[in-house]
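J.: Have a peek at start.tsv (TSV, C-alpha atoms).
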chain	number	residue	atom	x	y	z
A	1	MET	CA	50.82	70.35	44.21
A	2	ILE	CA	50.06	74.06	44.60
A	3	GLN	CA	52.50	74.82	41.80
A	4	LEU	CA	50.34	72.77	39.41
A	5	PHE	CA	47.62	75.40	39.69
A	6	SER	CA	49.82	78.49	39.45
A	7	THR	CA	52.24	77.75	36.57
A	8	THR	CA	51.60	77.05	32.90
A	9	ALA	CA	51.38	73.39	31.86
A	10	PRO	CA	53.23	73.40	28.51
A	11	ASP	CA	51.40	70.57	26.74
A	12	PHE	CA	47.95	71.69	27.79
A	13	SER	CA	48.74	75.13	26.41
A	14	VAL	CA	49.38	73.44	23.04
A	15	TYR	CA	46.03	71.62	23.19
A	16	TYR	CA	44.24	74.82	24.19
A	17	GLU	CA	45.78	76.94	21.43
A	18	GLY	CA	45.36	74.18	18.88
A	19	ALA	CA	41.67	73.83	19.74
A	20	LYS	CA	41.25	77.61	19.59
A	21	ASN	CA	42.80	77.81	16.12
A	22	LEU	CA	40.66	74.94	14.83
A	23	PHE	CA	37.55	76.55	16.34
A	24	PHE	CA	38.18	79.75	14.39
A	25	GLY	CA	39.00	77.89	11.18
A	26	PHE	CA	42.80	78.25	11.26
A	27	LEU	CA	45.43	75.53	10.93
A	28	PRO	CA	46.21	74.31	14.46
A	29	TYR	CA	49.66	73.07	13.42
A	30	THR	CA	51.16	76.39	12.35
A	31	ALA	CA	50.04	78.65	15.20
A	32	PRO	CA	52.87	80.91	16.43
A	33	GLY	CA	54.17	80.66	19.99
A	34	LEU	CA	53.34	76.99	20.62
A	35	PHE	CA	55.52	75.23	23.21
A	36	THR	CA	55.85	72.27	20.84
A	37	GLY	CA	54.09	70.93	17.77
A	38	VAL	CA	50.50	69.71	17.94
A	39	GLY	CA	51.09	65.99	17.58
A	40	TYR	CA	47.42	65.01	17.44
A	41	PRO	CA	44.86	64.76	14.62
A	42	PRO	CA	42.14	67.42	14.32
A	43	PRO	CA	39.39	65.25	15.93
A	44	THR	CA	41.42	65.12	19.16
A	45	LEU	CA	41.30	68.91	19.44
A	46	ILE	CA	37.48	68.80	19.42
A	47	LEU	CA	37.63	67.36	22.96
A	48	TYR	CA	39.48	70.47	24.17
A	49	MET	CA	37.03	72.99	22.71
A	50	PRO	CA	34.82	73.08	25.85
A	51	PHE	CA	37.83	74.48	27.73
A	52	LEU	CA	37.70	77.53	25.45
A	53	LEU	CA	34.70	78.68	27.48
A	54	PHE	CA	37.18	79.67	30.20
A	55	PRO	CA	40.27	81.89	30.36
A	56	TYR	CA	43.44	79.87	29.96
A	57	MET	CA	44.50	79.44	33.61
A	58	ILE	CA	41.00	78.51	34.75
A	59	ALA	CA	40.75	75.99	31.90
A	60	GLN	CA	44.14	74.52	32.82
A	61	ASN	CA	43.18	74.21	36.48
A	62	ILE	CA	39.94	72.43	35.58
A	63	PHE	CA	41.93	70.06	33.34
A	64	THR	CA	44.42	69.41	36.17
A	65	LEU	CA	41.63	68.65	38.63
A	66	VAL	CA	40.08	66.21	36.15
A	67	SER	CA	43.49	64.53	35.74
A	68	ILE	CA	43.89	64.16	39.51
A	69	LEU	CA	40.37	62.75	39.80
A	70	SER	CA	41.24	60.34	36.98
A	71	VAL	CA	43.89	58.74	39.20
A	72	PHE	CA	41.15	57.65	41.62
A	73	ILE	CA	39.01	56.36	38.74
A	74	ILE	CA	41.99	54.44	37.31
A	75	VAL	CA	42.71	52.75	40.64
A	76	TRP	CA	39.03	51.96	41.27
A	77	VAL	CA	38.43	50.46	37.82
A	78	SER	CA	41.79	48.64	37.88
A	79	LYS	CA	40.78	47.11	41.20
A	80	LYS	CA	37.56	45.85	39.61
A	81	LEU	CA	39.34	44.51	36.52
A	82	THR	CA	42.28	42.83	38.25
A	83	GLY	CA	40.74	41.68	41.53
A	84	SER	CA	43.24	43.76	43.48
A	85	THR	CA	42.64	44.21	47.21
A	86	VAL	CA	44.50	47.52	47.60
A	87	ASN	CA	43.01	50.52	49.35
A	88	ILE	CA	41.86	52.92	46.63
A	89	PHE	CA	42.61	56.11	48.55
A	90	VAL	CA	46.02	54.99	49.80
A	91	ILE	CA	47.23	53.93	46.34
A	92	SER	CA	45.72	56.98	44.65
A	93	GLY	CA	47.45	59.23	47.18
A	94	LEU	CA	50.81	57.51	46.75
A	95	LEU	CA	50.54	57.73	42.97
A	96	GLN	CA	50.51	61.52	43.21
A	97	PHE	CA	54.21	61.26	44.13
A	98	TRP	CA	55.09	58.82	41.31
A	99	PHE	CA	57.23	60.49	38.63
A	100	PRO	CA	55.12	59.46	35.58
A	101	VAL	CA	52.02	60.89	37.30
A	102	GLN	CA	53.84	64.06	38.35
A	103	PHE	CA	55.27	64.43	34.84
A	104	THR	CA	51.79	64.03	33.33
A	105	LEU	CA	50.25	66.59	35.69
A	106	GLY	CA	53.11	69.07	35.37
A	107	MET	CA	53.12	68.98	31.57
A	108	GLY	CA	49.33	69.09	31.33
A	109	GLN	CA	49.23	65.79	29.46
A	110	SER	CA	46.03	63.80	28.85
A	111	ASN	CA	47.43	60.36	29.77
A	112	LEU	CA	45.54	59.93	33.03
A	113	ILE	CA	42.21	61.01	31.55
A	114	ALA	CA	42.73	58.78	28.51
A	115	LEU	CA	43.63	55.79	30.70
A	116	ALA	CA	40.57	56.36	32.89
A	117	PHE	CA	38.35	56.28	29.79
A	118	PHE	CA	40.14	53.24	28.33
A	119	LEU	CA	39.85	51.17	31.52
A	120	SER	CA	36.22	52.25	31.92
A	121	GLY	CA	35.64	50.97	28.40
A	122	LEU	CA	37.05	47.59	29.45
A	123	TYR	CA	34.84	47.53	32.53
A	124	LEU	CA	31.59	48.67	30.91
A	125	SER	CA	29.65	46.60	28.41
A	126	SER	CA	26.82	48.57	26.81
A	127	SER	CA	28.69	51.80	26.08
A	128	SER	CA	32.29	50.57	25.98
A	129	GLY	CA	32.76	51.59	22.34
A	130	ILE	CA	31.86	55.21	23.07
A	131	VAL	CA	34.03	55.43	26.18
A	132	SER	CA	36.98	53.74	24.45
A	133	GLY	CA	36.48	56.01	21.45
A	134	ILE	CA	37.03	59.05	23.67
A	135	ALA	CA	40.19	57.42	25.08
A	136	ILE	CA	41.51	56.79	21.56
A	137	LEU	CA	40.72	60.34	20.48
A	138	LEU	CA	42.73	61.59	23.45
A	139	LYS	CA	45.60	59.15	22.84
A	140	PRO	CA	45.38	57.64	19.32
A	141	GLN	CA	48.03	55.00	20.09
A	142	LEU	CA	45.48	53.29	22.35
A	143	ILE	CA	43.83	51.96	19.20
A	144	LEU	CA	46.56	49.30	19.32
A	145	LEU	CA	45.11	48.03	22.60
A	146	SER	CA	41.56	48.03	21.29
A	147	VAL	CA	42.31	45.29	18.74
A	148	PHE	CA	41.75	42.83	21.58
A	149	PHE	CA	38.06	43.70	21.84
A	150	ARG	CA	35.96	41.06	20.11
A	151	ASN	CA	32.48	42.55	20.55
A	152	THR	CA	30.84	43.73	17.29
A	153	LYS	CA	28.76	46.35	19.11
A	154	PHE	CA	31.98	47.77	20.56
A	155	TRP	CA	33.44	48.37	17.11
A	156	VAL	CA	30.22	49.92	15.81
A	157	LEU	CA	30.04	52.39	18.71
A	158	LEU	CA	33.76	53.08	18.45
A	159	ALA	CA	33.44	53.86	14.73
A	160	VAL	CA	30.44	56.13	15.33
A	161	THR	CA	32.28	58.02	18.09
A	162	ILE	CA	35.43	58.61	16.05
A	163	CYS	CA	33.52	59.43	12.85
A	164	THR	CA	31.44	61.98	14.75
A	165	ALA	CA	34.59	63.69	16.01
A	166	VAL	CA	36.06	63.63	12.49
A	167	LEU	CA	32.89	65.23	11.09
A	168	VAL	CA	32.85	67.98	13.73
A	169	ALA	CA	36.54	68.70	13.12
A	170	TYR	CA	35.86	68.91	9.38
A	171	ILE	CA	32.98	71.33	9.95
A	172	TYR	CA	35.25	73.64	11.92
A	173	GLY	CA	38.47	73.40	9.91
A	174	GLY	CA	37.68	71.82	6.56
A	175	ALA	CA	40.11	69.41	4.90
A	176	ASP	CA	43.30	71.47	5.36
A	177	PRO	CA	44.05	70.39	8.98
A	178	PHE	CA	43.64	66.73	8.02
A	179	ILE	CA	45.90	67.11	4.99
A	180	ARG	CA	48.52	68.91	7.06
A	181	TYR	CA	48.41	66.26	9.79
A	182	ILE	CA	48.57	63.23	7.46
A	183	PHE	CA	51.23	64.49	5.08
A	184	HIS	CA	53.41	66.59	7.39
A	185	GLU	CA	52.92	65.88	11.10
A	186	VAL	CA	52.70	62.07	10.90
A	187	PRO	CA	55.83	61.65	8.72
A	188	TYR	CA	57.71	64.05	10.97
A	189	MET	CA	56.80	62.12	14.14
A	190	GLY	CA	57.75	58.83	12.50
A	191	GLN	CA	61.09	60.12	11.28
A	192	TYR	CA	64.18	58.40	12.66
A	193	ARG	CA	66.36	61.14	14.16
A	194	GLY	CA	69.53	59.33	15.22
A	195	VAL	CA	69.69	60.16	18.93
A	196	GLU	CA	66.35	60.40	20.72
A	197	VAL	CA	65.74	62.77	23.60
A	198	TYR	CA	66.14	61.20	27.07
A	199	TYR	CA	62.43	61.30	27.91
A	200	ASN	CA	61.70	58.91	25.04
A	201	GLN	CA	62.22	55.45	26.54
A	202	GLY	CA	61.05	52.90	23.98
A	203	VAL	CA	62.84	50.52	21.62
A	204	ARG	CA	63.40	53.21	19.01
A	205	ALA	CA	65.04	55.46	21.57
A	206	PHE	CA	67.31	52.67	22.82
A	207	VAL	CA	68.43	51.68	19.32
A	208	SER	CA	69.02	55.30	18.38
A	209	ARG	CA	71.31	55.72	21.40
A	210	VAL	CA	73.33	52.64	20.45
A	211	LEU	CA	73.44	52.92	16.65
A	212	GLN	CA	72.76	56.67	16.31
A	213	ASP	CA	72.97	57.49	12.57
A	214	ASN	CA	73.67	53.93	11.40
A	215	PRO	CA	71.55	53.31	8.25
A	216	TYR	CA	70.55	49.86	9.55
A	217	ALA	CA	69.02	51.27	12.76
A	218	PRO	CA	65.40	51.43	11.44
A	219	ALA	CA	65.61	47.78	10.39
A	220	VAL	CA	66.91	46.83	13.84
A	221	ILE	CA	64.00	48.71	15.44
A	222	ILE	CA	61.48	46.81	13.30
A	223	LEU	CA	63.13	43.46	14.06
A	224	MET	CA	63.23	44.08	17.82
A	225	SER	CA	59.58	45.19	17.78
A	226	LEU	CA	58.51	42.03	15.95
A	227	ILE	CA	60.41	39.86	18.44
A	228	LEU	CA	58.60	41.61	21.29
A	229	ILE	CA	55.20	41.16	19.65
A	230	LEU	CA	55.49	37.40	19.01
A	231	PRO	CA	55.03	36.18	22.63
A	232	ILE	CA	51.76	38.04	23.13
A	233	LEU	CA	50.14	36.24	20.21
A	234	ARG	CA	49.76	33.10	22.33
A	235	ILE	CA	47.81	34.89	25.09
A	236	ARG	CA	44.06	34.22	25.06
A	237	SER	CA	42.74	36.09	28.13
A	238	ASN	CA	43.42	39.50	29.68
A	239	VAL	CA	45.58	40.30	26.64
A	240	TRP	CA	45.27	44.02	27.37
A	241	LEU	CA	47.53	43.64	30.43
A	242	PRO	CA	50.75	42.63	28.61
A	243	ALA	CA	49.64	44.75	25.65
A	244	ILE	CA	50.10	47.92	27.70
A	245	PRO	CA	53.85	47.49	28.37
A	246	LEU	CA	54.25	46.19	24.81
A	247	LEU	CA	52.72	49.42	23.50
A	248	LEU	CA	55.11	51.46	25.64
A	249	LEU	CA	58.04	49.53	24.19
A	250	ILE	CA	57.20	49.72	20.49
A	251	GLU	CA	55.45	53.08	20.08
A	252	PRO	CA	57.77	55.56	18.29
A	253	LEU	CA	57.55	58.22	21.00
A	254	ALA	CA	57.40	56.46	24.37
A	255	TRP	CA	57.53	59.48	26.63
A	256	GLN	CA	58.01	58.85	30.35
A	257	HIS	CA	54.64	60.39	31.16
A	258	HIS	CA	53.04	57.58	29.10
A	259	HIS	CA	54.17	55.17	31.82
A	260	VAL	CA	51.10	56.01	33.90
A	261	PHE	CA	49.50	53.38	31.64
A	262	LEU	CA	51.34	50.79	33.76
A	263	ILE	CA	49.21	51.48	36.85
A	264	PRO	CA	46.71	48.63	36.22
A	265	VAL	CA	49.54	46.31	35.16
A	266	TYR	CA	51.45	46.87	38.40
A	267	MET	CA	48.27	46.47	40.45
A	268	TYR	CA	47.55	43.16	38.74
A	269	LEU	CA	51.09	41.84	39.15
A	270	PHE	CA	51.27	42.76	42.84
A	271	GLU	CA	48.08	40.78	43.36
A	272	LYS	CA	49.17	37.69	41.40
A	273	ILE	CA	52.91	37.28	42.03
A	274	GLN	CA	53.91	35.07	44.97
A	275	ASN	CA	57.44	34.11	43.92
A	276	PRO	CA	59.92	36.25	45.94
A	277	LYS	CA	62.33	36.55	43.00
A	278	HIS	CA	59.57	37.73	40.72
A	279	ILE	CA	58.42	40.22	43.35
A	280	ALA	CA	61.97	41.55	43.45
A	281	PHE	CA	61.94	41.96	39.66
A	282	LEU	CA	58.61	43.78	39.94
A	283	VAL	CA	60.05	46.20	42.49
A	284	VAL	CA	63.07	46.80	40.25
A	285	SER	CA	60.71	47.52	37.35
A	286	ILE	CA	58.79	50.10	39.37
A	287	VAL	CA	62.00	51.76	40.58
A	288	LEU	CA	63.42	52.00	37.04
A	289	VAL	CA	60.19	53.49	35.70
A	290	SER	CA	60.05	55.93	38.63
A	291	LEU	CA	63.52	57.39	38.09
A	292	ASN	CA	64.15	60.74	36.44
A	293	LEU	CA	67.84	61.23	35.64
A	294	ASP	CA	67.17	64.65	34.07
A	295	ALA	CA	69.59	63.68	31.30
A	296	ALA	CA	68.02	65.56	28.38
A	297	GLY	CA	70.59	66.06	25.65
A	298	GLU	CA	73.10	63.65	27.19
A	299	PRO	CA	74.51	61.21	24.59
A	300	ALA	CA	75.22	57.54	25.28
A	301	ARG	CA	78.95	56.82	25.34
A	302	ASN	CA	78.60	53.02	25.06
A	303	LEU	CA	76.06	50.19	25.27
A	304	LEU	CA	75.82	50.22	29.06
A	305	ASP	CA	75.33	53.96	29.02
A	306	ALA	CA	72.51	53.51	26.49
A	307	VAL	CA	70.89	51.05	28.91
A	308	ARG	CA	71.29	53.58	31.72
A	309	LEU	CA	69.64	56.32	29.66
A	310	THR	CA	66.81	53.92	28.76
A	311	HIS	CA	66.26	52.79	32.37
A	312	ALA	CA	62.50	53.27	32.23
A	313	GLY	CA	62.34	51.23	29.04
A	314	VAL	CA	64.18	48.43	30.84
A	315	GLY	CA	61.62	48.66	33.65
A	316	VAL	CA	58.78	48.43	31.11
A	317	PHE	CA	60.44	45.38	29.53
A	318	ILE	CA	60.55	43.65	32.93
A	319	ALA	CA	56.87	44.46	33.45
A	320	TYR	CA	56.11	43.03	30.00
A	321	VAL	CA	57.91	39.75	30.73
A	322	LEU	CA	56.18	39.40	34.11
A	323	SER	CA	52.76	40.17	32.65
A	324	LEU	CA	53.29	37.53	29.96
A	325	ARG	CA	54.13	35.06	32.72
A	326	TYR	CA	51.15	35.81	34.95
A	327	VAL	CA	48.17	36.45	32.65
Will you turn the file into structure tokens for me?

T.:
Amino acid sequence: MIQLFSTTAPDFSVYYEGAKNLFFGFLPYTAPGLFTGVGYPPPTLILYMPFLLFPYMIAQNIFTLVSILSVFIIVWVSKKLTGSTVNIFVISGLLQFWFPVQFTLGMGQSNLIALAFFLSGLYLSSSSGIVSGIAILLKPQLILLSVFFRNTKFWVLLAVTICTAVLVAYIYGGADPFIRYIFHEVPYMGQYRGVEVYYNQGVRAFVSRVLQDNPYAPAVIILMSLILILPILRIRSNVWLPAIPLLLLIEPLAWQHHHVFLIPVYMYLFEKIQNPKHIAFLVVSIVLVSLNLDAAGEPARNLLDAVRLTHAGVGVFIAYVLSLRYV
């Protein structure tokens, strides 16, 4: 834990530098010395501009503290949403040792903060659109979960929140950052690369490990994603619960640190499942998601090896099937 506050968090450094470049009117996507590319639209970087008030390490430590606090908020709100009877402080403390949480904190990712905002949006009524809008700005893929909101006021507030961020980003950077993001960054992130890095654990990653450079691989990915989507269409209540593991399966870049999104799903399932066999499957799911084989760059030699290298994706699939069964 101490190391979190004394070493550089690579992804937060990207957010910080990207926000700094946008603030001064430069392209955030071409800044030299970035750990990795800025994979977020310009409005997202607006949320990181307040951190520019502080020197980098102080800003990073504040961000880390907010992320740790977000774990408690996630557990508290999840308990309210799912009817769970767990002890908030015990579960929040244990989660600090869970690999997806550690990965998020160590990389300086925004997953925990985004999830705290998203769940708070589900729990609140009057301002849910604003709160969910912040979550979506932090993690744009969460817009796929918001389609299950039916409240008109929610969509109005959500639109106002996102449009405000877009306007502020335009004031700082003009149209160039948006053009760069839409026509360069988005196509690059969506590009099929053959063999995905180990930390990507979704359907696309699994197919790429099996079929690699096969020209039919993108079509297989689309077909598998559609098959996964079909069962959720029959759900009428608490759709957001199975929608979370579904998102983690079908999003193009399903990094292992995204699996913190499963926290409310696991809390719900532990509360609802009574069947011993299903409990065993739930435990297997958690174990598979918790593993870190540190196999970056390791190719799959056969189908079983591809399954091994996509172990967390298998765990997410089990969680998806169980959530479909128990919502």

J.: With distances taken over all atoms listed in the file, which of A:Tyr56, A:Tyr326, A:Phe24, A:Phe154 is nearest to Ile171 (chain A)?

T.: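 Between A:Tyr56, A:Tyr326, A:Phe24, A:Phe154, the residue approaching Ile171 (chain A) most closely is A:Phe24.
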
J.: Pick out the residues sitting within 10 Å of Trp76 (chain A), and hand them over as JSON, numbers by chain; count only C-alpha atoms, and ignore anything fewer than 5 positions along from it in its own chain.

T.: {"A": [70, 71, 81, 84, 86, 87, 88, 89, 91, 92, 116, 119, 120, 264]}

J.: In Å to one decimal, how far is CA of Val307 (chain A) from CA of Arg325 (chain A)?

T.: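 Result for CA of Arg325 (chain A) versus CA of Val307 (chain A): 23.5 Å, one decimal.
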
J.: By how many Å are CA of Thr8 (chain A) and CA of Ala135 (chain A) apart?

T.: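 Between CA of Thr8 (chain A) and CA of Ala135 (chain A) the gap is 24.0 Å.
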
J.: Just checking: using all atoms listed in the file, which residue out of A:Ile232, A:Leu157, A:Ala243, A:Ala295 ends up closest to Tyr199 (chain A)?

T.: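 Of the candidates, the smallest distance to Tyr199 (chain A) is held by A:Ala295.
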
J.: For each of A:Leu228, A:Val66, A:Leu322, A:Val220, take the minimum atom-to-atom distance to Tyr268 (chain A), counting all atoms listed in the file, then give the residue where this is smallest.

T.: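 Once distances to Tyr268 (chain A) are computed over all atoms listed in the file, the minimum belongs to A:Leu322.
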
J.: Just the number, please: distance in Å from CA of Ala296 (chain A) to CA of Tyr188 (chain A), one decimal.

T.: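 According to the coordinates, CA of Ala296 (chain A) and CA of Tyr188 (chain A) are separated by 20.3 Å.
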
J.: Can you tell me which residues surround Pro177 (chain A) at a distance of at most 10 Å, considering all atoms listed in the file, apart from same-chain residues fewer than 4 positions away, and format the answer as a list of chain:residue names?

T.: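 Those residues are A:Leu22, A:Gly25, A:Phe26, A:Leu27, A:Pro28, A:Tyr29, A:Thr30, A:Pro41, A:Pro42, A:Pro43, A:Ala169, A:Tyr170, A:Tyr172, A:Gly173, A:Tyr181, A:Ile182.
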
J.: Which protein, DNA or RNA residues are at most 12 Å from (62.4, 46.4, 41.9) in the file's coordinates when you count only C-alpha atoms, listed as a list of chain:residue names?

T.: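 Within 12 Å of (62.4, 46.4, 41.9), the protein and nucleic acid residues are A:Tyr266, A:Phe270, A:Pro276, A:Lys277, A:His278, A:Ile279, A:Ala280, A:Phe281, A:Leu282, A:Val283, A:Val284, A:Ser285, A:Ile286, A:Val287, A:Leu288, A:Val289, A:Ser290, A:Leu291, A:Ala312, A:Val314, A:Gly315, A:Val316, A:Ile318, A:Ala319.
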
J.: Taking into account all atoms listed in the file, which residue in the set A:Gly37, A:Gly121, A:Gly108, A:Pro50 is nearest to Lys20 (chain A)?

T.: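 Between A:Gly37, A:Gly121, A:Gly108, A:Pro50, the residue approaching Lys20 (chain A) most closely is A:Pro50.
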
J.: With distances taken over only C-alpha atoms, which residue among A:Ser67, A:Ile273, A:Leu145, A:His311 lies nearest Phe103 (chain A)?

T.: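 Distance minimum relative to Phe103 (chain A) lands on A:Ser67.
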
J.: Pick from A:Leu34, A:Leu253, A:Val210, A:Val327: nearest to Ile235 (chain A), with all atoms listed in the file counted?

T.: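 Ranking A:Leu34, A:Leu253, A:Val210, A:Val327 by distance to Ile235 (chain A), first place goes to A:Val327.
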
J.: Need to verify the contact set: Ser132 (chain A), 8 Å, all atoms listed in the file, exclusion of same-chain residues closer than 2 positions in sequence. Can you return it as a PDB file with C-alpha atoms, keeping the file's coordinate frame?

T.:
ATOM      1  CA  PHE A 117      38.350  56.280  29.790  1.00  0.00           C
ATOM      2  CA  PHE A 118      40.140  53.240  28.330  1.00  0.00           C
ATOM      3  CA  SER A 120      36.220  52.250  31.920  1.00  0.00           C
ATOM      4  CA  GLY A 121      35.640  50.970  28.400  1.00  0.00           C
ATOM      5  CA  LEU A 122      37.050  47.590  29.450  1.00  0.00           C
ATOM      6  CA  SER A 128      32.290  50.570  25.980  1.00  0.00           C
ATOM      7  CA  GLY A 129      32.760  51.590  22.340  1.00  0.00           C
ATOM      8  CA  ILE A 130      31.860  55.210  23.070  1.00  0.00           C
ATOM      9  CA  ILE A 134      37.030  59.050  23.670  1.00  0.00           C
ATOM     10  CA  ALA A 135      40.190  57.420  25.080  1.00  0.00           C
ATOM     11  CA  ILE A 136      41.510  56.790  21.560  1.00  0.00           C
ATOM     12  CA  SER A 146      41.560  48.030  21.290  1.00  0.00           C
ATOM     13  CA  LEU A 158      33.760  53.080  18.450  1.00  0.00           C
TER      14      LEU A 158
END

J.: Excluding Ala254 (chain A) and any residue of its chain fewer than 3 positions from it, enumerate the residues within 8 Å of it, using all atoms listed in the file, and give them as a list in words.

T.: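 Listed by chain and then number, they are Tyr199, Asn200, Gln201, Gly202, Leu248, Leu249, Ile250, Glu251 and His258 of chain A.
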
J.: Can you complete the atoms of region 234-249 of chain A to N, CA, C and O atoms and list them as a PDB file, in the frame of the given file?

T.:
ATOM      1  N   ARG A 234      50.258  34.360  21.750  1.00  0.00           N
ATOM      2  CA  ARG A 234      49.760  33.100  22.330  1.00  0.00           C
ATOM      3  C   ARG A 234      48.796  33.336  23.496  1.00  0.00           C
ATOM      4  O   ARG A 234      48.170  32.389  23.979  1.00  0.00           O
ATOM      5  N   ILE A 235      48.682  34.578  23.952  1.00  0.00           N
ATOM      6  CA  ILE A 235      47.810  34.890  25.090  1.00  0.00           C
ATOM      7  C   ILE A 235      46.361  34.903  24.632  1.00  0.00           C
ATOM      8  O   ILE A 235      46.035  35.455  23.581  1.00  0.00           O
ATOM      9  N   ARG A 236      45.474  34.323  25.425  1.00  0.00           N
ATOM     10  CA  ARG A 236      44.060  34.220  25.060  1.00  0.00           C
ATOM     11  C   ARG A 236      43.129  34.981  26.011  1.00  0.00           C
ATOM     12  O   ARG A 236      41.963  35.208  25.679  1.00  0.00           O
ATOM     13  N   SER A 237      43.606  35.357  27.186  1.00  0.00           N
ATOM     14  CA  SER A 237      42.740  36.090  28.130  1.00  0.00           C
ATOM     15  C   SER A 237      43.520  37.238  28.753  1.00  0.00           C
ATOM     16  O   SER A 237      44.747  37.151  28.915  1.00  0.00           O
ATOM     17  N   ASN A 238      42.806  38.305  29.090  1.00  0.00           N
ATOM     18  CA  ASN A 238      43.420  39.500  29.680  1.00  0.00           C
ATOM     19  C   ASN A 238      44.619  39.988  28.856  1.00  0.00           C
ATOM     20  O   ASN A 238      45.637  40.420  29.391  1.00  0.00           O
ATOM     21  N   VAL A 239      44.473  39.930  27.529  1.00  0.00           N
ATOM     22  CA  VAL A 239      45.580  40.300  26.640  1.00  0.00           C
ATOM     23  C   VAL A 239      45.969  41.770  26.826  1.00  0.00           C
ATOM     24  O   VAL A 239      47.116  42.147  26.614  1.00  0.00           O
ATOM     25  N   TRP A 240      45.003  42.588  27.239  1.00  0.00           N
ATOM     26  CA  TRP A 240      45.270  44.020  27.370  1.00  0.00           C
ATOM     27  C   TRP A 240      46.354  44.308  28.408  1.00  0.00           C
ATOM     28  O   TRP A 240      47.053  45.328  28.305  1.00  0.00           O
ATOM     29  N   LEU A 241      46.531  43.387  29.384  1.00  0.00           N
ATOM     30  CA  LEU A 241      47.530  43.640  30.430  1.00  0.00           C
ATOM     31  C   LEU A 241      48.962  43.621  29.874  1.00  0.00           C
ATOM     32  O   LEU A 241      49.689  44.612  30.022  1.00  0.00           O
ATOM     33  N   PRO A 242      49.412  42.552  29.220  1.00  0.00           N
ATOM     34  CA  PRO A 242      50.750  42.630  28.610  1.00  0.00           C
ATOM     35  C   PRO A 242      50.805  43.565  27.419  1.00  0.00           C
ATOM     36  O   PRO A 242      51.891  44.042  27.045  1.00  0.00           O
ATOM     37  N   ALA A 243      49.645  43.850  26.808  1.00  0.00           N
ATOM     38  CA  ALA A 243      49.640  44.750  25.650  1.00  0.00           C
ATOM     39  C   ALA A 243      50.023  46.170  26.033  1.00  0.00           C
ATOM     40  O   ALA A 243      50.572  46.913  25.209  1.00  0.00           O
ATOM     41  N   ILE A 244      49.762  46.564  27.275  1.00  0.00           N
ATOM     42  CA  ILE A 244      50.100  47.920  27.700  1.00  0.00           C
ATOM     43  C   ILE A 244      51.622  48.133  27.729  1.00  0.00           C
ATOM     44  O   ILE A 244      52.128  49.072  27.094  1.00  0.00           O
ATOM     45  N   PRO A 245      52.398  47.295  28.444  1.00  0.00           N
ATOM     46  CA  PRO A 245      53.850  47.490  28.370  1.00  0.00           C
ATOM     47  C   PRO A 245      54.411  47.274  26.964  1.00  0.00           C
ATOM     48  O   PRO A 245      55.385  47.928  26.577  1.00  0.00           O
ATOM     49  N   LEU A 246      53.803  46.372  26.187  1.00  0.00           N
ATOM     50  CA  LEU A 246      54.250  46.190  24.810  1.00  0.00           C
ATOM     51  C   LEU A 246      54.094  47.477  24.013  1.00  0.00           C
ATOM     52  O   LEU A 246      55.004  47.888  23.269  1.00  0.00           O
ATOM     53  N   LEU A 247      52.949  48.135  24.169  1.00  0.00           N
ATOM     54  CA  LEU A 247      52.720  49.420  23.500  1.00  0.00           C
ATOM     55  C   LEU A 247      53.784  50.434  23.883  1.00  0.00           C
ATOM     56  O   LEU A 247      54.327  51.150  23.025  1.00  0.00           O
ATOM     57  N   LEU A 248      54.114  50.497  25.168  1.00  0.00           N
ATOM     58  CA  LEU A 248      55.110  51.460  25.640  1.00  0.00           C
ATOM     59  C   LEU A 248      56.503  51.154  25.111  1.00  0.00           C
ATOM     60  O   LEU A 248      57.347  52.053  25.040  1.00  0.00           O
ATOM     61  N   LEU A 249      56.744  49.904  24.741  1.00  0.00           N
ATOM     62  CA  LEU A 249      58.040  49.530  24.190  1.00  0.00           C
ATOM     63  C   LEU A 249      58.155  49.854  22.708  1.00  0.00           C
ATOM     64  O   LEU A 249      59.208  50.290  22.233  1.00  0.00           O
TER      65      LEU A 249
END
